[in-house]
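Structure, as structure tokens:
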Amino acid sequence: MWQAEEPLLFEMSSPGRTAFSLPALDVPAAELPAELIRAEVNLPEISELELVRHYVRLSQKNFSIDTHFYPLGSCTMKYNPKVNEATAALEGFARSHPLQPEGLAQGNLELMYRLQEALKEISGFAGVSLHPAAGAHGEFAGVLIMRAYHVAKGDLNRTKMLIPNSAHGTYPASVAMSGFEAVEIPSDERGNVDLAALKAVCDETVVGLMLTNPNTLGLFEEQIEAVIETIHGCGGLVYGDGANLNALLGVARPGDLGFDVMHFNLHKTFTTPHGGGGPGSGPVGVNQKLLPFLPCPLVVKEGDRYTAITPEQSIGRLKAFHGNFGMHVRALTYILMMGEAGLREVTYNAVLNANYLKARLEQVYPVKYGRTCMHEFVAMGDIAEGVHTMDVAKRLIDYGFHPPTVYFPLIVHEALMIEPTETESKETLDRFVEALLKIAEEGRENPDLLHNAPHSTPVGRLDEVGAARKPVLCYRG
Amino acid sequence: MSYVANTANDQQAMLAAIGVDTVEALFEVVPQAVRFPTLELPRSLSEIEVLAEMGRLADENAEANHYSWFLGAGAYNHFVPSVVPQLQMRAEFYTAYTPYQPEASQGTLQAIFEYQSMVAELTGMGVVNASHYDGSTSLAEAAIMSVNSTKGKRTKILVSPNVHPQYREVLKTYLQGTDLRVEGDEEPANDLAALTGMLDKETACLIVQSPNFFGELEDLEGLAERVHGAGALLVIHTDPISLGLFKPPGAYGADIVTGEGQSLGNNLNFGGPYLGIFATTDKLVRKMPGRVVGQTVDTAGKRGFVLTLSTREQHIRREKATSNICTNQGLIALGAAIYLAALGKQGLRQVAELCYHKAHYAAAEIDRLAGYEVVKRRPFFKEFVVKCPKPAGEIARQLTEQQILPGYVLSRSYPERSHELLVCVTEMNSKAQIDQLVRALKEVA
């Protein structure tokens with residue numbers, strides 16, 4: 001990693017330096033409306049080489065998939081194939097405009113249509129809209145679709161959305177944004193939704209259940225059919241979270257399991273890069289009875305022509321234009337490269353890698369729910385007196401590994417949520433195991449080594465409390 | 001193709017360590033009736049075949065390199081300097097994730113802090129977040145934040161009819177499950193005077209776009225005082241390129257500023273991914289949705305950066321969170337930061353001036369044509385409305401045959417405005433292209 005402090009752009013600025021090249025004005029200058037003009041914009045003034053070095057150095061202060069093993073649970077940090085970037089950069093995609101006439105965008109619309117069809121086949125749903133821009137956006141779309149279904153039936157008394165206590169963090173907010181109330185459902189001793197507790201709250205006021213399967217413990221719901229039947233029995237709908245779809249490709253289709261609606265994370269399962277926090281893409285799939293409510297636009301094929309339509313009772317538009325099209329290009333590229341057999345191999349190896357890591361680690365890092373996991377598992381990091389998960393995580397950085405997701409899900413004390421993905425080799429997994437075992441030893445013998453970690457990064461542990469108490473959110477000169 | 005590293009030998013060794021005989025045995029928990037379905041997907045293709053197939057699809061589209069391009073309407077053909085994608089696509093940036101572990105993510109964190117700083121300067125606002133999905137979702141979240149800043153007591157959202165029609169749709173989608181109501185935007189005659197006349201004790205905010213959907217710079221002088229006088233917030237949606245030249249929303253007293261950041265060094269991409277700019281005042285910072293990066297120090301006193309103010313977010317007080325956004329458009333914000341730094345103080349001004357002068361030249365030339373009239377209600381930046389002698393859709397079709405995309409046919413959003421075209425001119429349009437457009441319009445009149 002690049003260790004030296006990198007100045008801020010503003011601190012590098014020197015009046016008169018430039019890093020741009022623009023054509024001279026080739027038309028007569030028009031009069032400017034003086035009362036509307038600003039004096040100046042105080043942006044940095046930097047030469048192009050300084051600019052390049054600045055960003056290259058900053059990049060070298062990051063862990064990333066291309067540089068480090070990145071077993072961040074529930075984020076599916078798998079390899080992002082380079083061919084995806086080559087196709088997404090094709091001029092016909094990258095330089096096309098969302099409002100150009102459909103007749104001049106048939107390639108884009110065909111691409112979207114084919115991706116919709118592929119996702120339908122992979123998931124077992126009757127329809128897919130690629131429109132939402134991220135997982136949480138797709139989740140919001142899903143909740144609005146559930147709402148629209150009940151409203152269309154005149155069923156206006158449904159206000160309760162059931163959410164397992166192992167759920168992803170955004171559900172309550174998506175539910176609140178849709179005007180519903182979140183009701184938490186406990187987990188049973190095997191990490192499943194507590195079926196008895198679920199049955200106890202099911203009545204005619206239930207909108208539905210929001211369920212990740214496999215859940216955030218990395219466990220497949222053992223009573224999935226009974227859970228779904230229970231919800232359907234009271235007139236509710238079951239929303240599935242596609243965050244963990246990497247565990248199910250060619251293994252089980254959520255639509256076949258009885259889910260009514262689900263979002264996909266193209267940036268997890270379908271290898272579009274995470275980009276340091278985005279952009280993602282969160283298409284939403286539905287079964288037959290929810291088709292009329294899909295967000296618009298939806299691409300359909302009419303004869304040999306592709307066109308974007310708005311379903312009759314659509315929840316509407318969730319962002320401007322079509323969706324994160326650049327991510328659609330990458331995802332379809334990936335699906336074409338993999339084919340059916342390749343996708344099943346993905347899941348086989350993702351689940352194999354996770355169970356292998358679990359088998360090698362669980363003696364030292366206990367796993368609360370000991371059964372076979374799917375693509376990830378949740379261990380506990382308080383492996384020695386006074387040592388916490390955060391210490392283990394920070395020490396892993398010194399060994400060259402990005403830490404797993406920590407302190408999530410909330411139902412596991414000192415959680416370390418580990419998702420290796422299918423693209424990691426056995427050698428990498430073995431090195432990761434050895435590092436974690438060594439860290440456990442260090443934790444027993446020299447816990448301060450962990451408390452003060454990381455030791456190898458450009459900065460040590462940062463004062464997050466101070467940052468929040470007196471926020472400095474931009475350069476003040 | 002497989003990106004899997006495990007060989008058959010590796011798999012056997014791993015299965016032995018797990019204590020099962022086959023990989024299939026790991027899936028016994030899946031109900032048997034639905035386990036291992038056959039997927040009707042095409043067979044796996046080689047990279048050569050995939051590149052050919054995707055190339056074929058890409059070639060079926062018109063794109064801005066091979067047309068004279070005057071289509072904007074919320075997505076703009078601006079120049080992307082070579083340095084932007086080259087740096088943005090550093091693997092260490094684009095294959096990282098949300099900087100949850102700040103010690104291993106200082107690159108991403110500092111880059112976002114610098115993005116926030118430059119956009120704060122550009123908009124004239126005190127605080128900028130790490131970005132939203134696009135301009136439209138920024139705007140919807142601004143409306144919700146306005147309501148929340150009144151503790152939910154004010155439920156009316158006043159919106160100018162000159163706000164992008166798709167953005168107004170998005171706002172209504174976001175609000176459909178709430179008791180909040182949008183007013184003002186369905187009546188085209190509602191100018192700012194009429195809208196301020198609708199302010200009342202129920203009003204959480206007034207949302208104005210400037211330059212508006214039709215390219216005009218709204219008269220923002222004194223507007224904030226009138227809005228604040230009614231106890232509401234002023235939300236201004238803007239075009240960041242215009243801020244290279246024009247007074248920023250902060251100078252007019254805006255409480256929240258949103259914008260579409262696609263113009264800042266990002267490709268058109270058929271509509272996404274784009275960049276939702278979101279800025280507010282220091283006073284309202286704790287009501288702001290979305291990720292934000294703050295400066296702090298490490299245990300040795302060295303400067304460093306972290307995600308901060310996360311108590312506003314879902315993972316701390318889940319049900320109290322008022323927005324479900326849990327990511328940002330990190331890579332696009334990075335691209336915007338590189339763009340702003342590359343253009344710098346002088347370059348952004350030049351881009352904005354090129355747009356302004358070229359657009360005004362085009363408008364003057366078109367206005368001179370018999371049968372055409374440029375609408376001149378307000379000063380404009382890079383887009384303007386042209387009234388045509390025949391249906392604008394027909395004109396657009398005819399010009400397309402000459403590799404010219406003359407603009408946005410307004411009847412697509414406003415059926416009654418059948419003869420109007422929204423023309424956009426940027427620094428990418430040469431005088432020769434503008435003259436070609438003017439000649440072609442004359443010929444088809």
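Each chain of the structure tokens is named A, B, ... in the order shown, its residues numbered from 1; ligands are numbered from 1 in display order.
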
**Request:** Tell me, as a VMD selection string, which residues lie within 9 Å of Ile418 in chain A, counting only C-alpha atoms; anything in the same chain fewer than 2 positions away does not count.
**Result:** chain A and resid 71 to 74 354 357 to 358 375 to 379 403 to 406 416 420

Excluding same-chain residues fewer than 3 positions from Gly347 in chain B, what lies within 12 Å of it counting only C-alpha atoms, as a short mmCIF file (atom, residue, chain, number, x, y, z; two decimals) with C-alpha atoms, in the first residue's frame?
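Result file follows (selection.cif):
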```cif
data_model
loop_
_atom_site.label_atom_id
_atom_site.label_comp_id
_atom_site.auth_asym_id
_atom_site.auth_seq_id
_atom_site.Cartn_x
_atom_site.Cartn_y
_atom_site.Cartn_z
CA GLY A 16 -2.59 29.01 -13.52
CA ARG A 17 -2.00 25.25 -13.76
CA THR A 18 -4.34 23.34 -16.03
CA ALA A 19 -5.09 19.77 -17.04
CA PHE A 20 -7.64 20.28 -19.80
CA SER A 21 -7.76 20.97 -23.51
CA LEU A 22 -10.84 22.51 -25.11
CA PRO A 23 -11.52 23.89 -28.59
CA GLU A 40 -15.43 32.32 -10.14
CA VAL A 41 -15.52 28.66 -9.14
CA ASN A 42 -12.68 27.85 -6.78
CA LEU A 43 -11.83 24.42 -8.11
CA PRO A 44 -8.26 23.14 -7.81
CA GLU A 45 -5.69 24.07 -10.47
CA ILE A 46 -3.42 21.13 -11.18
CA PHE B 79 -16.73 15.83 -23.29
CA PRO B 81 -11.35 13.82 -20.94
CA ILE B 241 -22.03 22.32 -15.81
CA GLY B 244 -19.21 26.92 -14.06
CA LEU B 245 -20.76 30.18 -15.25
CA TYR B 339 -13.39 15.56 -14.10
CA LEU B 340 -13.75 18.60 -11.84
CA ALA B 341 -10.09 18.45 -10.86
CA ALA B 342 -8.96 18.04 -14.48
CA LEU B 343 -11.02 20.98 -15.70
CA GLY B 344 -10.32 23.01 -12.60
CA GLN B 350 -14.71 27.45 -20.44
CA VAL B 351 -16.97 24.43 -20.92
CA ALA B 352 -19.94 26.38 -19.61
CA GLU B 353 -19.14 29.38 -21.82
CA LEU B 354 -18.73 27.18 -24.91
CA GLU B 427 -19.09 22.07 -26.32
#
```

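Closest approach to chain B among A:Gly282, A:Pro409, A:Pro292, A:Pro458 is made by A:Pro458 (distances from only C-alpha atoms).
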
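Ranking B:Ser411, B:Ser131, B:Thr327, B:Ser138 by their shortest atom-to-atom distance to chain A, with only C-alpha atoms included, puts B:Thr327 first.
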
**Prompt:** Between A:Pro172, A:Pro33, A:Pro447, A:Gly107, which is the closest to Phe246 in chain B once you count only C-alpha atoms?
**Reply:**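 Of all the options, A:Pro33 lies closest to Phe246 in chain B.
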
**Message:** Here is a test: counting only C-alpha atoms, which residue of B:Ile256, B:Val293, B:Leu369, B:Ala396 is nearest to chain A?
**Reply:** B:Val293

**Request:** For Gly370 in chain A, please output as a list in words all residues within 12 Å (counting only C-alpha atoms; exclusion window: fewer than 4 positions along the same chain).
**Result:**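 The contact residues come out as Glu189, Arg190, Gly191, Leu217, Gly218, Leu219, Asn355, Lys358, Ala359, Leu361, Glu362, Gln363, Tyr365, Pro366, Met374, Phe377, Val378 and Ala379 of chain A.
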
**Message:** From the options A:Thr428, A:Gly169, A:Asn215, A:Tyr55, which residue's atoms come nearest to Gly335 in chain B, counting only C-alpha atoms?
**Reply:**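 Nearest to Gly335 in chain B: A:Tyr55.
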
**Shell of 12 Å around Leu195 in chain B, only C-alpha atoms, local chain residues under 3 positions omitted, as a PyMOL selection string** = chain B and resi 157-162+183-192+198-200+203+205-208+223+226-227+234

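Between CA of Ile404 in chain B and CA of Leu298 in chain A there is a distance of 27.4 Å.
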
**Request:** May I ask for the distance between CA of Met327 in chain A and CA of Lys82 in chain A, given in Å to one decimal place?
**Result:** 13.4 Å

Using backbone DSSP assignments, extract all helix (DSSP H, G or I) residues from range 172-396 of chain A; output them as a JSON list (two decimals) with N, CA and C atoms, in the first residue's frame.
```
[["chain", "number", "residue", "atom", "x", "y", "z"],
["A", 172, "PRO", "N", -36.46, -2.34, 7.26],
["A", 172, "PRO", "CA", -37.40, -1.47, 8.00],
["A", 172, "PRO", "C", -37.58, -0.11, 7.32],
["A", 173, "ALA", "N", -36.49, 0.43, 6.76],
["A", 173, "ALA", "CA", -36.61, 1.74, 6.10],
["A", 173, "ALA", "C", -37.45, 1.64, 4.83],
["A", 174, "SER", "N", -37.25, 0.58, 4.04],
["A", 174, "SER", "CA", -38.06, 0.41, 2.83],
["A", 174, "SER", "C", -39.53, 0.27, 3.19],
["A", 175, "VAL", "N", -39.78, -0.42, 4.29],
["A", 175, "VAL", "CA", -41.16, -0.63, 4.74],
["A", 175, "VAL", "C", -41.77, 0.69, 5.20],
["A", 176, "ALA", "N", -41.00, 1.45, 5.98],
["A", 176, "ALA", "CA", -41.50, 2.74, 6.47],
["A", 176, "ALA", "C", -41.76, 3.70, 5.31],
["A", 177, "MET", "N", -40.86, 3.69, 4.29],
["A", 177, "MET", "CA", -41.03, 4.57, 3.13],
["A", 177, "MET", "C", -42.31, 4.23, 2.35],
["A", 195, "LEU", "N", -41.21, -20.67, 13.05],
["A", 195, "LEU", "CA", -42.49, -20.90, 12.38],
["A", 195, "LEU", "C", -43.69, -20.65, 13.30],
["A", 196, "ALA", "N", -43.54, -21.04, 14.56],
["A", 196, "ALA", "CA", -44.65, -20.84, 15.50],
["A", 196, "ALA", "C", -44.89, -19.34, 15.71],
["A", 197, "ALA", "N", -43.80, -18.60, 15.86],
["A", 197, "ALA", "CA", -43.94, -17.15, 16.05],
["A", 197, "ALA", "C", -44.55, -16.51, 14.81],
["A", 198, "LEU", "N", -44.16, -17.03, 13.65],
["A", 198, "LEU", "CA", -44.69, -16.50, 12.40],
["A", 198, "LEU", "C", -46.20, -16.73, 12.32],
["A", 199, "LYS", "N", -46.60, -17.96, 12.63],
["A", 199, "LYS", "CA", -48.03, -18.29, 12.56],
["A", 199, "LYS", "C", -48.84, -17.42, 13.52],
["A", 200, "ALA", "N", -48.23, -17.11, 14.66],
["A", 200, "ALA", "CA", -48.95, -16.34, 15.69],
["A", 200, "ALA", "C", -49.29, -14.92, 15.23],
["A", 201, "VAL", "N", -48.48, -14.36, 14.34],
["A", 201, "VAL", "CA", -48.78, -12.97, 13.92],
["A", 201, "VAL", "C", -49.50, -12.89, 12.58],
["A", 224, "ILE", "N", -38.83, -23.83, 4.41],
["A", 224, "ILE", "CA", -39.18, -22.76, 3.49],
["A", 224, "ILE", "C", -40.61, -22.92, 2.94],
["A", 225, "GLU", "N", -40.97, -24.18, 2.63],
["A", 225, "GLU", "CA", -42.31, -24.37, 2.04],
["A", 225, "GLU", "C", -43.40, -24.01, 3.05],
["A", 226, "ALA", "N", -43.20, -24.40, 4.30],
["A", 226, "ALA", "CA", -44.20, -24.10, 5.34],
["A", 226, "ALA", "C", -44.27, -22.60, 5.61],
["A", 227, "VAL", "N", -43.13, -21.95, 5.59],
["A", 227, "VAL", "CA", -43.11, -20.49, 5.82],
["A", 227, "VAL", "C", -43.93, -19.79, 4.74],
["A", 228, "ILE", "N", -43.66, -20.15, 3.49],
["A", 228, "ILE", "CA", -44.34, -19.49, 2.38],
["A", 228, "ILE", "C", -45.84, -19.80, 2.40],
["A", 229, "GLU", "N", -46.16, -21.06, 2.69],
["A", 229, "GLU", "CA", -47.57, -21.46, 2.79],
["A", 229, "GLU", "C", -48.31, -20.66, 3.87],
["A", 230, "THR", "N", -47.63, -20.45, 4.99],
["A", 230, "THR", "CA", -48.23, -19.70, 6.09],
["A", 230, "THR", "C", -48.59, -18.28, 5.67],
["A", 231, "ILE", "N", -47.67, -17.65, 4.98],
["A", 231, "ILE", "CA", -47.92, -16.27, 4.55],
["A", 231, "ILE", "C", -49.03, -16.24, 3.50],
["A", 232, "HIS", "N", -48.95, -17.12, 2.53],
["A", 232, "HIS", "CA", -50.00, -17.16, 1.50],
["A", 232, "HIS", "C", -51.35, -17.48, 2.13],
["A", 233, "GLY", "N", -51.31, -18.29, 3.18],
["A", 233, "GLY", "CA", -52.54, -18.68, 3.85],
["A", 233, "GLY", "C", -53.30, -17.51, 4.45],
["A", 245, "LEU", "N", -28.33, -14.76, -3.90],
["A", 245, "LEU", "CA", -28.64, -15.64, -5.03],
["A", 245, "LEU", "C", -27.44, -16.44, -5.51],
["A", 246, "ASN", "N", -26.24, -16.00, -5.16],
["A", 246, "ASN", "CA", -25.05, -16.75, -5.59],
["A", 246, "ASN", "C", -25.08, -18.19, -5.06],
["A", 247, "ALA", "N", -25.90, -18.42, -4.03],
["A", 247, "ALA", "CA", -26.01, -19.77, -3.46],
["A", 247, "ALA", "C", -27.00, -20.64, -4.21],
["A", 254, "PRO", "N", -36.07, -19.32, -6.83],
["A", 254, "PRO", "CA", -37.00, -18.72, -5.86],
["A", 254, "PRO", "C", -38.45, -18.77, -6.33],
["A", 255, "GLY", "N", -38.67, -18.57, -7.64],
["A", 255, "GLY", "CA", -40.03, -18.65, -8.15],
["A", 255, "GLY", "C", -40.64, -20.02, -7.93],
["A", 256, "ASP", "N", -39.85, -21.07, -8.12],
["A", 256, "ASP", "CA", -40.33, -22.44, -7.91],
["A", 256, "ASP", "C", -40.62, -22.69, -6.42],
["A", 257, "LEU", "N", -39.87, -22.03, -5.55],
["A", 257, "LEU", "CA", -40.07, -22.21, -4.12],
["A", 257, "LEU", "C", -41.34, -21.51, -3.63],
["A", 288, "GLN", "N", -46.65, -14.48, -11.79],
["A", 288, "GLN", "CA", -47.72, -14.11, -12.71],
["A", 288, "GLN", "C", -48.66, -13.03, -12.15],
["A", 289, "LYS", "N", -49.08, -13.19, -10.89],
["A", 289, "LYS", "CA", -50.13, -12.29, -10.42],
["A", 289, "LYS", "C", -49.64, -10.87, -10.14],
["A", 290, "LEU", "N", -48.32, -10.71, -10.10],
["A", 290, "LEU", "CA", -47.80, -9.37, -9.84],
["A", 290, "LEU", "C", -47.29, -8.67, -11.11],
["A", 291, "LEU", "N", -47.39, -9.35, -12.24],
["A", 291, "LEU", "CA", -46.89, -8.77, -13.50],
["A", 291, "LEU", "C", -47.41, -7.36, -13.80],
["A", 292, "PRO", "N", -48.70, -7.10, -13.56],
["A", 292, "PRO", "CA", -49.20, -5.77, -13.94],
["A", 292, "PRO", "C", -48.59, -4.61, -13.17],
["A", 293, "PHE", "N", -47.90, -4.93, -12.06],
["A", 293, "PHE", "CA", -47.43, -3.86, -11.17],
["A", 293, "PHE", "C", -45.95, -3.53, -11.34],
["A", 325, "PHE", "N", -28.15, 0.87, -17.10],
["A", 325, "PHE", "CA", -27.93, 0.09, -18.30],
["A", 325, "PHE", "C", -26.50, -0.45, -18.41],
["A", 326, "GLY", "N", -25.53, 0.36, -18.01],
["A", 326, "GLY", "CA", -24.13, -0.09, -18.09],
["A", 326, "GLY", "C", -23.92, -1.39, -17.32],
["A", 327, "MET", "N", -24.69, -1.56, -16.25],
["A", 327, "MET", "CA", -24.60, -2.79, -15.45],
["A", 327, "MET", "C", -25.32, -3.93, -16.17],
["A", 328, "HIS", "N", -26.37, -3.60, -16.93],
["A", 328, "HIS", "CA", -27.08, -4.64, -17.69],
["A", 328, "HIS", "C", -26.14, -5.25, -18.73],
["A", 329, "VAL", "N", -25.33, -4.40, -19.36],
["A", 329, "VAL", "CA", -24.40, -4.89, -20.37],
["A", 329, "VAL", "C", -23.44, -5.90, -19.74],
["A", 330, "ARG", "N", -22.89, -5.53, -18.59],
["A", 330, "ARG", "CA", -21.93, -6.41, -17.91],
["A", 330, "ARG", "C", -22.57, -7.73, -17.49],
["A", 331, "ALA", "N", -23.78, -7.64, -16.94],
["A", 331, "ALA", "CA", -24.44, -8.85, -16.43],
["A", 331, "ALA", "C", -24.77, -9.81, -17.57],
["A", 332, "LEU", "N", -25.26, -9.28, -18.70],
["A", 332, "LEU", "CA", -25.57, -10.19, -19.81],
["A", 332, "LEU", "C", -24.27, -10.78, -20.38],
["A", 333, "THR", "N", -23.23, -9.98, -20.44],
["A", 333, "THR", "CA", -21.93, -10.50, -20.88],
["A", 333, "THR", "C", -21.54, -11.71, -20.03],
["A", 334, "TYR", "N", -21.68, -11.56, -18.74],
["A", 334, "TYR", "CA", -21.31, -12.63, -17.81],
["A", 334, "TYR", "C", -22.17, -13.87, -18.03],
["A", 335, "ILE", "N", -23.47, -13.67, -18.15],
["A", 335, "ILE", "CA", -24.38, -14.82, -18.31],
["A", 335, "ILE", "C", -24.07, -15.55, -19.62],
["A", 336, "LEU", "N", -23.76, -14.80, -20.68],
["A", 336, "LEU", "CA", -23.41, -15.44, -21.96],
["A", 336, "LEU", "C", -22.11, -16.23, -21.84],
["A", 337, "MET", "N", -21.17, -15.67, -21.12],
["A", 337, "MET", "CA", -19.89, -16.38, -20.93],
["A", 337, "MET", "C", -20.11, -17.69, -20.15],
["A", 338, "MET", "N", -20.97, -17.65, -19.14],
["A", 338, "MET", "CA", -21.12, -18.79, -18.25],
["A", 338, "MET", "C", -22.00, -19.89, -18.82],
["A", 339, "GLY", "N", -23.14, -19.52, -19.39],
["A", 339, "GLY", "CA", -24.10, -20.54, -19.82],
["A", 339, "GLY", "C", -24.67, -21.27, -18.61],
["A", 340, "GLU", "N", -25.57, -22.22, -18.85],
["A", 340, "GLU", "CA", -26.23, -22.91, -17.74],
["A", 340, "GLU", "C", -25.23, -23.65, -16.86],
["A", 341, "ALA", "N", -24.36, -24.45, -17.49],
["A", 341, "ALA", "CA", -23.44, -25.27, -16.72],
["A", 341, "ALA", "C", -22.49, -24.40, -15.90],
["A", 342, "GLY", "N", -22.07, -23.30, -16.50],
["A", 342, "GLY", "CA", -21.14, -22.41, -15.81],
["A", 342, "GLY", "C", -21.78, -21.79, -14.58],
["A", 343, "LEU", "N", -23.05, -21.42, -14.69],
["A", 343, "LEU", "CA", -23.71, -20.80, -13.54],
["A", 343, "LEU", "C", -23.85, -21.80, -12.39],
["A", 344, "ARG", "N", -24.17, -23.05, -12.71],
["A", 344, "ARG", "CA", -24.29, -24.05, -11.63],
["A", 344, "ARG", "C", -22.92, -24.28, -10.98],
["A", 345, "GLU", "N", -21.85, -24.28, -11.80],
["A", 345, "GLU", "CA", -20.49, -24.39, -11.25],
["A", 345, "GLU", "C", -20.19, -23.26, -10.27],
["A", 346, "VAL", "N", -20.71, -22.07, -10.58],
["A", 346, "VAL", "CA", -20.52, -20.92, -9.69],
["A", 346, "VAL", "C", -21.04, -21.25, -8.30],
["A", 347, "THR", "N", -22.27, -21.69, -8.25],
["A", 347, "THR", "CA", -22.89, -21.96, -6.96],
["A", 347, "THR", "C", -22.22, -23.15, -6.26],
["A", 348, "TYR", "N", -21.94, -24.19, -7.01],
["A", 348, "TYR", "CA", -21.27, -25.36, -6.41],
["A", 348, "TYR", "C", -19.99, -24.92, -5.70],
["A", 349, "ASN", "N", -19.19, -24.13, -6.39],
["A", 349, "ASN", "CA", -17.89, -23.77, -5.81],
["A", 349, "ASN", "C", -18.01, -22.70, -4.74],
["A", 350, "ALA", "N", -19.00, -21.82, -4.86],
["A", 350, "ALA", "CA", -19.21, -20.81, -3.81],
["A", 350, "ALA", "C", -19.58, -21.52, -2.50],
["A", 351, "VAL", "N", -20.44, -22.53, -2.61],
["A", 351, "VAL", "CA", -20.90, -23.25, -1.41],
["A", 351, "VAL", "C", -19.80, -24.19, -0.89],
["A", 352, "LEU", "N", -19.08, -24.79, -1.82],
["A", 352, "LEU", "CA", -17.96, -25.65, -1.42],
["A", 352, "LEU", "C", -16.90, -24.83, -0.68],
["A", 353, "ASN", "N", -16.53, -23.69, -1.23],
["A", 353, "ASN", "CA", -15.51, -22.85, -0.59],
["A", 353, "ASN", "C", -15.95, -22.41, 0.80],
["A", 354, "ALA", "N", -17.23, -22.05, 0.94],
["A", 354, "ALA", "CA", -17.71, -21.58, 2.25],
["A", 354, "ALA", "C", -17.68, -22.72, 3.26],
["A", 355, "ASN", "N", -18.13, -23.89, 2.86],
["A", 355, "ASN", "CA", -18.14, -25.02, 3.80],
["A", 355, "ASN", "C", -16.74, -25.48, 4.16],
["A", 356, "TYR", "N", -15.83, -25.34, 3.19],
["A", 356, "TYR", "CA", -14.43, -25.70, 3.47],
["A", 356, "TYR", "C", -13.84, -24.75, 4.52],
["A", 357, "LEU", "N", -14.04, -23.47, 4.32],
["A", 357, "LEU", "CA", -13.53, -22.51, 5.31],
["A", 357, "LEU", "C", -14.15, -22.76, 6.68],
["A", 358, "LYS", "N", -15.45, -23.02, 6.67],
["A", 358, "LYS", "CA", -16.15, -23.25, 7.94],
["A", 358, "LYS", "C", -15.56, -24.47, 8.64],
["A", 359, "ALA", "N", -15.35, -25.55, 7.86],
["A", 359, "ALA", "CA", -14.82, -26.78, 8.45],
["A", 359, "ALA", "C", -13.44, -26.54, 9.06],
["A", 360, "ARG", "N", -12.64, -25.72, 8.40],
["A", 360, "ARG", "CA", -11.27, -25.51, 8.89],
["A", 360, "ARG", "C", -11.20, -24.51, 10.04],
["A", 361, "LEU", "N", -12.23, -23.67, 10.19],
["A", 361, "LEU", "CA", -12.14, -22.60, 11.18],
["A", 361, "LEU", "C", -12.96, -22.82, 12.43],
["A", 389, "THR", "N", -14.24, -9.14, 17.86],
["A", 389, "THR", "CA", -14.30, -9.32, 16.42],
["A", 389, "THR", "C", -13.58, -8.19, 15.69],
["A", 390, "MET", "N", -13.76, -6.96, 16.18],
["A", 390, "MET", "CA", -13.13, -5.83, 15.49],
["A", 390, "MET", "C", -11.60, -5.97, 15.50],
["A", 391, "ASP", "N", -11.06, -6.51, 16.58],
["A", 391, "ASP", "CA", -9.61, -6.68, 16.66],
["A", 391, "ASP", "C", -9.13, -7.71, 15.65],
["A", 392, "VAL", "N", -9.86, -8.79, 15.54],
["A", 392, "VAL", "CA", -9.51, -9.83, 14.56],
["A", 392, "VAL", "C", -9.58, -9.24, 13.15],
["A", 393, "ALA", "N", -10.64, -8.49, 12.91],
["A", 393, "ALA", "CA", -10.83, -7.90, 11.58],
["A", 393, "ALA", "C", -9.66, -6.98, 11.23],
["A", 394, "LYS", "N", -9.31, -6.13, 12.15],
["A", 394, "LYS", "CA", -8.24, -5.16, 11.87],
["A", 394, "LYS", "C", -6.89, -5.87, 11.69],
["A", 395, "ARG", "N", -6.67, -6.93, 12.46],
["A", 395, "ARG", "CA", -5.40, -7.66, 12.34],
["A", 395, "ARG", "C", -5.32, -8.39, 11.00],
["A", 396, "LEU", "N", -6.45, -8.84, 10.49],
["A", 396, "LEU", "CA", -6.46, -9.51, 9.18],
["A", 396, "LEU", "C", -5.88, -8.59, 8.10]]
```

**Selection near Ala29 in chain A, 12 Å with only C-alpha atoms, sequence-local residues under 3 positions removed, as a list in words** =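 Non-adjacent residues within range: Ala24, Leu25, Asp26 and Leu32 of chain A; Glu353, Leu354, Cys355, Tyr356, His357, Lys358, Ala359, His360, Tyr361, Ala362 and Ala364 of chain B.
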